$ cat model_6.tsv   # TSV, N, CA and C atoms
chain	number	residue	atom	x	y	z
Y	234	MET	N	153.92	113.86	169.54
Y	234	MET	CA	154.34	112.56	169.96
Y	234	MET	C	153.17	111.57	169.93
Y	235	ARG	N	152.00	112.04	170.32
Y	235	ARG	CA	150.82	111.19	170.35
Y	235	ARG	C	150.47	110.72	168.94
Y	236	ARG	N	150.66	111.57	167.96
Y	236	ARG	CA	150.32	111.23	166.57
Y	236	ARG	C	151.21	110.10	166.06
Y	237	ILE	N	152.50	110.11	166.38
Y	237	ILE	CA	153.41	109.04	165.96
Y	237	ILE	C	152.99	107.72	166.59
Y	238	GLY	N	152.63	107.74	167.85
Y	238	GLY	CA	152.17	106.53	168.52
Y	238	GLY	C	150.93	105.96	167.85
Y	239	GLY	N	150.01	106.81	167.44
Y	239	GLY	CA	148.80	106.37	166.75
Y	239	GLY	C	149.11	105.75	165.40
Y	240	ILE	N	150.03	106.34	164.66
Y	240	ILE	CA	150.43	105.80	163.35
Y	240	ILE	C	151.10	104.45	163.52
Y	241	CYS	N	151.98	104.34	164.52
Y	241	CYS	CA	152.64	103.06	164.78
Y	241	CYS	C	151.62	101.98	165.13
Y	242	GLY	N	150.64	102.32	165.94
Y	242	GLY	CA	149.60	101.36	166.32
Y	242	GLY	C	148.80	100.89	165.12
Y	243	ILE	N	148.46	101.80	164.24
Y	243	ILE	CA	147.70	101.45	163.03
Y	243	ILE	C	148.55	100.57	162.12
Y	244	THR	N	149.84	100.89	161.98
Y	244	THR	CA	150.74	100.10	161.13
Y	244	THR	C	150.87	98.68	161.66
Y	245	VAL	N	151.05	98.54	162.97
Y	245	VAL	CA	151.17	97.21	163.58
Y	245	VAL	C	149.88	96.43	163.39
Y	246	ALA	N	148.74	97.07	163.59
Y	246	ALA	CA	147.44	96.40	163.42
Y	246	ALA	C	147.27	95.93	161.97
Y	247	ALA	N	147.67	96.76	161.03
Y	247	ALA	CA	147.55	96.39	159.60
Y	247	ALA	C	148.45	95.21	159.28
Y	248	LEU	N	149.66	95.22	159.78
Y	248	LEU	CA	150.58	94.10	159.55
Y	248	LEU	C	150.04	92.81	160.15
Y	249	LEU	N	149.49	92.88	161.34
Y	249	LEU	CA	148.92	91.69	161.96
Y	249	LEU	C	147.74	91.16	161.16
Y	250	ALA	N	146.92	92.05	160.64
Y	250	ALA	CA	145.75	91.63	159.86
Y	250	ALA	C	146.20	90.92	158.58
Y	251	VAL	N	147.20	91.48	157.89
Y	251	VAL	CA	147.69	90.88	156.66
Y	251	VAL	C	148.34	89.53	156.95
Y	252	THR	N	149.17	89.47	157.98
Y	252	THR	CA	149.85	88.23	158.34
Y	252	THR	C	148.84	87.17	158.75
Y	253	GLY	N	147.84	87.52	159.49
Y	253	GLY	CA	146.84	86.57	159.93
Y	253	GLY	C	146.03	86.01	158.79
Y	254	CYS	N	145.85	86.74	157.72
Y	254	CYS	CA	145.05	86.30	156.58
Y	254	CYS	C	145.85	85.49	155.58
Y	255	SER	N	147.18	85.44	155.73
Y	255	SER	CA	147.98	84.77	154.72
Y	255	SER	C	148.22	83.31	155.03
Y	256	GLY	N	147.72	82.78	156.11
Y	256	GLY	CA	147.93	81.38	156.45
Y	256	GLY	C	147.17	80.46	155.52
Y	257	SER	N	147.58	79.19	155.46
Y	257	SER	CA	146.95	78.21	154.59
Y	257	SER	C	145.81	77.52	155.34
Y	258	SER	N	144.69	77.36	154.68
Y	258	SER	CA	143.55	76.69	155.31
Y	258	SER	C	143.50	75.22	154.96
Y	259	GLY	N	144.42	74.76	154.08
Y	259	GLY	CA	144.43	73.36	153.69
Y	259	GLY	C	143.62	73.10	152.44
Y	260	SER	N	142.86	74.06	151.96
Y	260	SER	CA	142.12	73.87	150.72
Y	260	SER	C	142.76	74.71	149.63
Y	261	GLY	N	142.44	74.41	148.41
Y	261	GLY	CA	143.02	75.16	147.30
Y	261	GLY	C	144.33	74.54	146.85
Y	262	PRO	N	145.04	75.19	145.93
Y	262	PRO	CA	146.26	74.62	145.39
Y	262	PRO	C	147.36	74.54	146.45
Y	263	ALA	N	148.26	73.59	146.27
Y	263	ALA	CA	149.38	73.43	147.21
Y	263	ALA	C	150.31	74.61	147.08
Y	264	PRO	N	150.97	74.98	148.18
Y	264	PRO	CA	151.94	76.07	148.10
Y	264	PRO	C	153.08	75.69	147.16
Y	265	SER	N	153.81	76.69	146.68
Y	265	SER	CA	154.83	76.45	145.67
Y	265	SER	C	155.91	75.50	146.14
Y	266	GLY	N	156.09	75.28	147.42
Y	266	GLY	CA	157.09	74.37	147.92
Y	266	GLY	C	156.53	72.97	148.17
Y	267	GLY	N	155.27	72.71	147.82
Y	267	GLY	CA	154.63	71.43	148.11
Y	267	GLY	C	155.03	70.33	147.15
Y	268	THR	N	154.63	69.12	147.47
Y	268	THR	CA	154.91	67.95	146.65
Y	268	THR	C	153.63	67.47	145.98
Y	269	LYS	N	153.72	67.21	144.69
Y	269	LYS	CA	152.59	66.64	143.96
Y	269	LYS	C	152.71	65.12	144.05
Y	270	THR	N	151.80	64.47	144.78
Y	270	THR	CA	151.83	63.02	144.95
Y	270	THR	C	150.77	62.39	144.06
Y	271	VAL	N	151.19	61.38	143.28
Y	271	VAL	CA	150.28	60.68	142.38
Y	271	VAL	C	150.40	59.19	142.68
Y	272	LYS	N	149.24	58.53	142.88
Y	272	LYS	CA	149.22	57.12	143.27
Y	272	LYS	C	148.81	56.23	142.11
Y	273	PHE	N	149.43	55.04	142.07
Y	273	PHE	CA	149.17	54.05	141.02
Y	273	PHE	C	149.04	52.67	141.64
Y	274	SER	N	148.28	51.81	140.96
Y	274	SER	CA	148.20	50.40	141.31
Y	274	SER	C	148.51	49.58	140.08
Y	275	ILE	N	149.29	48.50	140.28
Y	275	ILE	CA	149.63	47.58	139.20
Y	275	ILE	C	149.17	46.20	139.62
Y	276	THR	N	148.36	45.56	138.76
Y	276	THR	CA	147.88	44.21	139.02
Y	276	THR	C	148.18	43.35	137.80
Y	277	GLU	N	148.84	42.22	138.05
Y	277	GLU	CA	149.21	41.29	136.98
Y	277	GLU	C	149.92	42.01	135.83
Y	278	GLY	N	150.82	42.93	136.17
Y	278	GLY	CA	151.63	43.61	135.17
Y	278	GLY	C	150.94	44.72	134.41
Y	279	LYS	N	149.75	45.14	134.85
Y	279	LYS	CA	149.03	46.22	134.16
Y	279	LYS	C	148.59	47.29	135.15
Y	280	ARG	N	148.64	48.55	134.70
Y	280	ARG	CA	148.16	49.66	135.55
Y	280	ARG	C	146.65	49.54	135.71
Y	281	THR	N	146.19	49.50	136.94
Y	281	THR	CA	144.75	49.41	137.22
Y	281	THR	C	144.22	50.67	137.88
Y	282	ALA	N	145.12	51.55	138.31
Y	282	ALA	CA	144.72	52.83	138.90
Y	282	ALA	C	145.86	53.82	138.69
Y	283	GLY	N	145.48	55.07	138.43
Y	283	GLY	CA	146.45	56.13	138.22
Y	283	GLY	C	146.41	56.62	136.79
Y	284	PRO	N	146.83	57.87	136.57
Y	284	PRO	CA	146.73	58.48	135.24
Y	284	PRO	C	147.79	57.96	134.26
Y	285	GLU	N	147.44	58.01	133.00
Y	285	GLU	CA	148.36	57.60	131.93
Y	285	GLU	C	149.54	58.57	131.82
Y	286	GLU	N	149.29	59.84	132.17
Y	286	GLU	CA	150.36	60.84	132.12
Y	286	GLU	C	150.26	61.76	133.33
Y	287	VAL	N	151.43	62.14	133.85
Y	287	VAL	CA	151.52	63.07	134.98
Y	287	VAL	C	152.27	64.29	134.47
Y	288	ALA	N	151.65	65.46	134.57
Y	288	ALA	CA	152.29	66.70	134.12
Y	288	ALA	C	152.68	67.54	135.33
Y	289	VAL	N	153.94	67.97	135.36
Y	289	VAL	CA	154.43	68.84	136.43
Y	289	VAL	C	155.24	69.96	135.81
Y	290	ARG	N	155.41	71.02	136.57
Y	290	ARG	CA	156.21	72.16	136.12
Y	290	ARG	C	157.66	71.93	136.54
Y	291	THR	N	158.55	72.46	135.74
Y	291	THR	CA	159.97	72.39	136.06
Y	291	THR	C	160.20	72.99	137.45
Y	292	GLY	N	160.92	72.27	138.30
Y	292	GLY	CA	161.19	72.72	139.65
Y	292	GLY	C	160.22	72.20	140.69
Y	293	GLU	N	159.13	71.59	140.25
Y	293	GLU	CA	158.13	71.06	141.18
Y	293	GLU	C	158.61	69.71	141.73
Y	294	THR	N	158.28	69.44	142.99
Y	294	THR	CA	158.61	68.15	143.58
Y	294	THR	C	157.45	67.20	143.32
Y	295	VAL	N	157.77	66.02	142.84
Y	295	VAL	CA	156.76	65.02	142.51
Y	295	VAL	C	157.08	63.73	143.27
Y	296	ALA	N	156.02	63.06	143.72
Y	296	ALA	CA	156.16	61.75	144.36
Y	296	ALA	C	155.24	60.78	143.63
Y	297	LEU	N	155.83	59.71	143.10
Y	297	LEU	CA	155.06	58.69	142.41
Y	297	LEU	C	154.98	57.48	143.34
Y	298	GLU	N	153.77	57.18	143.80
Y	298	GLU	CA	153.55	56.08	144.74
Y	298	GLU	C	152.89	54.93	144.01
Y	299	VAL	N	153.53	53.77	144.04
Y	299	VAL	CA	153.03	52.61	143.29
Y	299	VAL	C	152.84	51.43	144.24
Y	300	THR	N	151.69	50.79	144.10
Y	300	THR	CA	151.42	49.54	144.80
Y	300	THR	C	151.24	48.46	143.73
Y	301	SER	N	152.02	47.40	143.85
Y	301	SER	CA	151.98	46.30	142.88
Y	301	SER	C	151.62	45.01	143.61
Y	302	ASP	N	151.03	44.09	142.88
Y	302	ASP	CA	150.70	42.80	143.48
Y	302	ASP	C	151.89	41.83	143.43
Y	303	GLN	N	153.00	42.29	142.82
Y	303	GLN	CA	154.19	41.47	142.72
Y	303	GLN	C	155.43	42.30	143.08
Y	304	ALA	N	156.47	41.62	143.56
Y	304	ALA	CA	157.73	42.31	143.83
Y	304	ALA	C	158.31	42.81	142.51
Y	305	ASP	N	158.83	44.03	142.50
Y	305	ASP	CA	159.37	44.61	141.27
Y	305	ASP	C	160.20	45.83	141.64
Y	306	GLU	N	160.70	46.52	140.63
Y	306	GLU	CA	161.43	47.76	140.84
Y	306	GLU	C	160.79	48.86	140.01
Y	307	LEU	N	160.38	49.92	140.67
Y	307	LEU	CA	159.83	51.11	140.02
Y	307	LEU	C	161.00	51.94	139.52
Y	308	HIS	N	160.93	52.39	138.26
Y	308	HIS	CA	162.05	53.15	137.69
Y	308	HIS	C	161.52	54.33	136.88
Y	309	VAL	N	162.13	55.52	137.11
Y	309	VAL	CA	161.81	56.72	136.35
Y	309	VAL	C	162.98	56.98	135.41
Y	310	HIS	N	162.77	56.75	134.13
Y	310	HIS	CA	163.81	56.97	133.13
Y	310	HIS	C	164.14	58.45	133.02
Y	311	GLY	N	165.38	58.75	132.68
Y	311	GLY	CA	165.82	60.13	132.53
Y	311	GLY	C	166.27	60.76	133.83
Y	312	TYR	N	165.64	60.35	134.92
Y	312	TYR	CA	166.03	60.83	136.24
Y	312	TYR	C	166.82	59.77	137.00
Y	313	ASP	N	166.77	58.53	136.49
Y	313	ASP	CA	167.45	57.40	137.11
Y	313	ASP	C	167.10	57.26	138.59
Y	314	LYS	N	165.81	57.36	138.88
Y	314	LYS	CA	165.28	57.19	140.23
Y	314	LYS	C	164.58	55.84	140.29
Y	315	ALA	N	164.74	55.13	141.41
Y	315	ALA	CA	164.14	53.81	141.51
Y	315	ALA	C	163.71	53.53	142.95
Y	316	ALA	N	162.78	52.59	143.08
Y	316	ALA	CA	162.33	52.12	144.40
Y	316	ALA	C	161.96	50.65	144.27
Y	317	GLN	N	162.31	49.88	145.28
Y	317	GLN	CA	161.95	48.47	145.32
Y	317	GLN	C	160.50	48.35	145.78
Y	318	LEU	N	159.75	47.47	145.15
Y	318	LEU	CA	158.35	47.26	145.50
Y	318	LEU	C	158.17	45.85	146.05
Y	319	ALA	N	157.48	45.74	147.18
Y	319	ALA	CA	157.08	44.45	147.74
Y	319	ALA	C	155.58	44.31	147.50
Y	320	PRO	N	155.10	43.08	147.29
Y	320	PRO	CA	153.68	42.89	146.99
Y	320	PRO	C	152.76	43.55	148.02
Y	321	GLY	N	151.85	44.39	147.52
Y	321	GLY	CA	150.84	45.02	148.36
Y	321	GLY	C	151.32	46.18	149.21
Y	322	ILE	N	152.61	46.52	149.15
Y	322	ILE	CA	153.15	47.61	149.97
Y	322	ILE	C	153.56	48.76	149.05
Y	323	PRO	N	152.99	49.95	149.24
Y	323	PRO	CA	153.32	51.07	148.36
Y	323	PRO	C	154.81	51.42	148.42
Y	324	GLY	N	155.37	51.68	147.25
Y	324	GLY	CA	156.75	52.18	147.14
Y	324	GLY	C	156.69	53.54	146.47
Y	325	THR	N	157.58	54.43	146.88
Y	325	THR	CA	157.52	55.81	146.39
Y	325	THR	C	158.87	56.27	145.88
Y	326	VAL	N	158.83	56.96	144.75
Y	326	VAL	CA	159.99	57.68	144.23
Y	326	VAL	C	159.60	59.15	144.28
Y	327	ALA	N	160.39	59.96	145.00
Y	327	ALA	CA	160.11	61.40	145.11
Y	327	ALA	C	161.36	62.17	144.72
Y	328	PHE	N	161.18	63.24	143.94
Y	328	PHE	CA	162.31	64.03	143.47
Y	328	PHE	C	161.81	65.36	142.93
Y	329	THR	N	162.75	66.27	142.72
Y	329	THR	CA	162.44	67.55	142.09
Y	329	THR	C	162.57	67.37	140.59
Y	330	ALA	N	161.52	67.67	139.86
Y	330	ALA	CA	161.50	67.53	138.40
Y	330	ALA	C	162.21	68.73	137.78
Y	331	ASN	N	163.51	68.59	137.55
Y	331	ASN	CA	164.28	69.71	137.05
Y	331	ASN	C	164.83	69.50	135.65
Y	332	ILE	N	164.38	68.45	134.96
Y	332	ILE	CA	164.76	68.19	133.58
Y	332	ILE	C	163.49	68.19	132.73
Y	333	ASP	N	163.41	69.10	131.76
Y	333	ASP	CA	162.23	69.16	130.89
Y	333	ASP	C	162.20	67.96	129.95
Y	334	GLY	N	161.00	67.48	129.66
Y	334	GLY	CA	160.84	66.39	128.70
Y	334	GLY	C	159.72	65.46	129.12
Y	335	ILE	N	159.63	64.34	128.39
Y	335	ILE	CA	158.64	63.29	128.69
Y	335	ILE	C	159.44	62.04	129.04
Y	336	PHE	N	159.14	61.46	130.20
Y	336	PHE	CA	159.92	60.35	130.72
Y	336	PHE	C	159.02	59.16	131.04
Y	337	GLU	N	159.45	57.98	130.63
Y	337	GLU	CA	158.73	56.75	130.93
Y	337	GLU	C	158.94	56.37	132.38
Y	338	VAL	N	157.88	55.91	133.02
Y	338	VAL	CA	157.95	55.36	134.37
Y	338	VAL	C	157.44	53.94	134.24
Y	339	GLU	N	158.27	52.97	134.64
Y	339	GLU	CA	157.89	51.58	134.43
Y	339	GLU	C	158.37	50.70	135.57
Y	340	LEU	N	157.89	49.46	135.56
Y	340	LEU	CA	158.39	48.44	136.47
Y	340	LEU	C	159.39	47.61	135.67
Y	341	HIS	N	160.58	47.44	136.22
Y	341	HIS	CA	161.65	46.77	135.47
Y	341	HIS	C	161.43	45.28	135.27
Y	342	LYS	N	161.03	44.57	136.29
Y	342	LYS	CA	160.89	43.11	136.18
Y	342	LYS	C	159.77	42.72	135.22
Y	343	SER	N	158.60	43.30	135.41
Y	343	SER	CA	157.45	42.94	134.58
Y	343	SER	C	157.39	43.74	133.28
Y	344	GLY	N	158.08	44.88	133.25
Y	344	GLY	CA	158.02	45.75	132.07
Y	344	GLY	C	156.75	46.57	132.00
Y	345	ALA	N	155.96	46.54	133.06
Y	345	ALA	CA	154.69	47.26	133.07
Y	345	ALA	C	154.92	48.77	132.99
Y	346	ALA	N	154.19	49.41	132.07
Y	346	ALA	CA	154.23	50.87	131.97
Y	346	ALA	C	153.36	51.43	133.08
Y	347	VAL	N	153.94	52.29	133.91
Y	347	VAL	CA	153.18	52.90	134.99
Y	347	VAL	C	152.56	54.20	134.50
Y	348	THR	N	153.36	55.10	133.94
Y	348	THR	CA	152.88	56.39	133.46
Y	348	THR	C	153.96	57.05	132.63
Y	349	LYS	N	153.63	58.20	132.09
Y	349	LYS	CA	154.60	59.09	131.45
Y	349	LYS	C	154.64	60.34	132.29
Y	350	LEU	N	155.83	60.81	132.58
Y	350	LEU	CA	156.02	62.04	133.34
Y	350	LEU	C	156.38	63.14	132.36
Y	351	ARG	N	155.52	64.17	132.30
Y	351	ARG	CA	155.76	65.32	131.42
Y	351	ARG	C	156.19	66.50	132.28
Y	352	VAL	N	157.42	66.98	132.05
Y	352	VAL	CA	157.98	68.09	132.81
Y	352	VAL	C	158.19	69.25	131.87
Y	353	SER	N	157.59	70.40	132.19
Y	353	SER	CA	157.76	71.58	131.34
Y	353	SER	C	157.69	72.85	132.20
Y	354	GLY	N	158.39	73.87	131.71
Y	354	GLY	CA	158.44	75.15	132.42
Y	354	GLY	C	157.20	75.90	132.23
$ encode --input "model_6.tsv" --output "structure tokens"
Amino acid sequence: MRRIGGICGITVAALLAVTGCSGSSGSGPAPSGGTKTVKFSITEGKRTAGPEEVAVRTGETVALEVTSDQADELHVHGYDKAAQLAPGIPGTVAFTANIDGIFEVELHKSGAAVTKLRVSG
């Protein structure tokens, strides 16, 4: 009987050690359920900050945050996602990228190209 108790104690200790080591420290890659947030700035109808292309994997959640110096509408083609933008206030479109391809992201009023979204498995 004593031997079973010892084995159970060792098993519980091992499980606690593994569980304790699996927590996130906040550094390193985001967990698979995380959101990839990419920020952009538009000034006088031109992108002044942010990448020309954003690449994500199929099934990944992406958030495109845009700050413009003018009122406009942020639009992600192919996904038909949009957000209204007020001058100087960030607007965000967030969604799960579940359609493979390359999609234009632009401002409708000014026609400013924000980025290209590349989604692939």
$ residues_around --input "model_6.tsv" --residues "Lys279 in chain Y" --least-positions-apart "4" --cutoff "6 Å" --atoms "all atoms listed in the file" --output "VMD selection string"
chain Y and resid 274 to 275 345
$ closest_residue --input "model_6.tsv" --among "Y:Ala304, Y:Ala327, Y:Val352, Y:Ala346" --to "Arg280 in chain Y" --atoms "only C-alpha atoms"
Y:Ala346
$ residues_around --input "model_6.tsv" --residues "Ala319 in chain Y" --least-positions-apart "5" --cutoff "6 Å" --atoms "all atoms listed in the file" --output "VMD selection string"
chain Y and resid 301 303 to 305
$ closest_residue --input "model_6.tsv" --among "Y:Ile332, Y:Ile322, Y:Val287, Y:Ala315" --to "Lys349 in chain Y" --atoms "only N, CA and C atoms"
Y:Val287
$ closest_residue --input "model_6.tsv" --among "Y:Val338, Y:Ala288, Y:Val271, Y:Ala296" --to "Asp313 in chain Y" --atoms "only C-alpha atoms"
Y:Val338
$ residues_around --input "model_6.tsv" --residues "Val299 in chain Y" --least-positions-apart "5" --cutoff "6 Å" --atoms "only N, CA and C atoms" --output "CSV table (one decimal) with N, CA and C atoms, keeping the file's coordinate frame"
chain,number,residue,atom,x,y,z
Y,272,LYS,N,149.2,58.5,142.9
Y,272,LYS,CA,149.2,57.1,143.3
Y,272,LYS,C,148.8,56.2,142.1
Y,273,PHE,N,149.4,55.0,142.1
Y,273,PHE,CA,149.2,54.0,141.0
Y,273,PHE,C,149.0,52.7,141.6
Y,274,SER,N,148.3,51.8,141.0
Y,274,SER,CA,148.2,50.4,141.3
Y,274,SER,C,148.5,49.6,140.1
Y,322,ILE,N,152.6,46.5,149.2
Y,322,ILE,CA,153.2,47.6,150.0
Y,322,ILE,C,153.6,48.8,149.0
Y,323,PRO,N,153.0,50.0,149.2
Y,323,PRO,CA,153.3,51.1,148.4
Y,323,PRO,C,154.8,51.4,148.4
Y,324,GLY,N,155.4,51.7,147.2
Y,324,GLY,CA,156.8,52.2,147.1
Y,324,GLY,C,156.7,53.5,146.5
Y,325,THR,N,157.6,54.4,146.9
Y,325,THR,CA,157.5,55.8,146.4
Y,325,THR,C,158.9,56.3,145.9
$ closest_residue --input "model_6.tsv" --among "Y:Ala316, Y:Val347, Y:Val289, Y:Leu307" --to "Ala330 in chain Y" --atoms "only C-alpha atoms"
Y:Val289
$ decode --input "model_6.tsv" --residues "range 267-283 of chain Y" --atoms "N, CA, C and O atoms" --output "PDB file, in the first residue's frame"
ATOM      1  N   GLY Y 267      -3.998  33.731 -30.426  1.00  0.00           N
ATOM      2  CA  GLY Y 267      -3.780  35.170 -30.307  1.00  0.00           C
ATOM      3  C   GLY Y 267      -4.143  35.930 -31.560  1.00  0.00           C
ATOM      4  O   GLY Y 267      -4.448  35.370 -32.596  1.00  0.00           O
ATOM      5  N   THR Y 268      -4.140  37.247 -31.450  1.00  0.00           N
ATOM      6  CA  THR Y 268      -4.448  38.137 -32.563  1.00  0.00           C
ATOM      7  C   THR Y 268      -3.180  38.834 -33.019  1.00  0.00           C
ATOM      8  O   THR Y 268      -2.424  39.349 -32.201  1.00  0.00           O
ATOM      9  N   LYS Y 269      -2.965  38.853 -34.321  1.00  0.00           N
ATOM     10  CA  LYS Y 269      -1.840  39.591 -34.891  1.00  0.00           C
ATOM     11  C   LYS Y 269      -2.334  41.005 -35.193  1.00  0.00           C
ATOM     12  O   LYS Y 269      -3.187  41.193 -36.051  1.00  0.00           O
ATOM     13  N   THR Y 270      -1.833  41.999 -34.449  1.00  0.00           N
ATOM     14  CA  THR Y 270      -2.243  43.386 -34.631  1.00  0.00           C
ATOM     15  C   THR Y 270      -1.157  44.137 -35.386  1.00  0.00           C
ATOM     16  O   THR Y 270       0.015  44.068 -35.019  1.00  0.00           O
ATOM     17  N   VAL Y 271      -1.570  44.834 -36.453  1.00  0.00           N
ATOM     18  CA  VAL Y 271      -0.631  45.608 -37.264  1.00  0.00           C
ATOM     19  C   VAL Y 271      -1.174  47.031 -37.346  1.00  0.00           C
ATOM     20  O   VAL Y 271      -2.347  47.241 -37.658  1.00  0.00           O
ATOM     21  N   LYS Y 272      -0.302  48.015 -37.058  1.00  0.00           N
ATOM     22  CA  LYS Y 272      -0.716  49.415 -37.008  1.00  0.00           C
ATOM     23  C   LYS Y 272      -0.216  50.190 -38.225  1.00  0.00           C
ATOM     24  O   LYS Y 272       0.902  49.964 -38.695  1.00  0.00           O
ATOM     25  N   PHE Y 273      -1.060  51.129 -38.674  1.00  0.00           N
ATOM     26  CA  PHE Y 273      -0.761  51.962 -39.839  1.00  0.00           C
ATOM     27  C   PHE Y 273      -1.126  53.405 -39.540  1.00  0.00           C
ATOM     28  O   PHE Y 273      -2.018  53.676 -38.742  1.00  0.00           O
ATOM     29  N   SER Y 274      -0.431  54.321 -40.225  1.00  0.00           N
ATOM     30  CA  SER Y 274      -0.779  55.739 -40.195  1.00  0.00           C
ATOM     31  C   SER Y 274      -0.923  56.218 -41.626  1.00  0.00           C
ATOM     32  O   SER Y 274      -0.127  55.843 -42.498  1.00  0.00           O
ATOM     33  N   ILE Y 275      -1.953  57.046 -41.856  1.00  0.00           N
ATOM     34  CA  ILE Y 275      -2.189  57.638 -43.170  1.00  0.00           C
ATOM     35  C   ILE Y 275      -2.189  59.149 -42.990  1.00  0.00           C
ATOM     36  O   ILE Y 275      -2.912  59.685 -42.145  1.00  0.00           O
ATOM     37  N   THR Y 276      -1.353  59.842 -43.776  1.00  0.00           N
ATOM     38  CA  THR Y 276      -1.285  61.299 -43.733  1.00  0.00           C
ATOM     39  C   THR Y 276      -1.426  61.822 -45.151  1.00  0.00           C
ATOM     40  O   THR Y 276      -0.701  61.379 -46.056  1.00  0.00           O
ATOM     41  N   GLU Y 277      -2.375  62.746 -45.328  1.00  0.00           N
ATOM     42  CA  GLU Y 277      -2.643  63.341 -46.644  1.00  0.00           C
ATOM     43  C   GLU Y 277      -2.820  62.271 -47.721  1.00  0.00           C
ATOM     44  O   GLU Y 277      -2.286  62.382 -48.826  1.00  0.00           O
ATOM     45  N   GLY Y 278      -3.539  61.201 -47.382  1.00  0.00           N
ATOM     46  CA  GLY Y 278      -3.864  60.162 -48.354  1.00  0.00           C
ATOM     47  C   GLY Y 278      -2.750  59.179 -48.665  1.00  0.00           C
ATOM     48  O   GLY Y 278      -2.873  58.390 -49.599  1.00  0.00           O
ATOM     49  N   LYS Y 279      -1.661  59.195 -47.883  1.00  0.00           N
ATOM     50  CA  LYS Y 279      -0.547  58.270 -48.127  1.00  0.00           C
ATOM     51  C   LYS Y 279      -0.167  57.548 -46.840  1.00  0.00           C
ATOM     52  O   LYS Y 279      -0.164  58.149 -45.757  1.00  0.00           O
ATOM     53  N   ARG Y 280       0.203  56.267 -46.981  1.00  0.00           N
ATOM     54  CA  ARG Y 280       0.668  55.496 -45.814  1.00  0.00           C
ATOM     55  C   ARG Y 280       2.006  56.063 -45.355  1.00  0.00           C
ATOM     56  O   ARG Y 280       2.952  56.157 -46.121  1.00  0.00           O
ATOM     57  N   THR Y 281       2.091  56.434 -44.094  1.00  0.00           N
ATOM     58  CA  THR Y 281       3.337  56.969 -43.539  1.00  0.00           C
ATOM     59  C   THR Y 281       3.941  56.036 -42.500  1.00  0.00           C
ATOM     60  O   THR Y 281       5.076  56.243 -42.081  1.00  0.00           O
ATOM     61  N   ALA Y 282       3.180  55.028 -42.085  1.00  0.00           N
ATOM     62  CA  ALA Y 282       3.690  54.023 -41.144  1.00  0.00           C
ATOM     63  C   ALA Y 282       2.921  52.729 -41.368  1.00  0.00           C
ATOM     64  O   ALA Y 282       1.732  52.749 -41.667  1.00  0.00           O
ATOM     65  N   GLY Y 283       3.635  51.622 -41.238  1.00  0.00           N
ATOM     66  CA  GLY Y 283       3.028  50.305 -41.403  1.00  0.00           C
ATOM     67  C   GLY Y 283       3.584  49.616 -42.639  1.00  0.00           C
ATOM     68  O   GLY Y 283       4.051  50.270 -43.568  1.00  0.00           O
TER      69      GLY Y 283
END
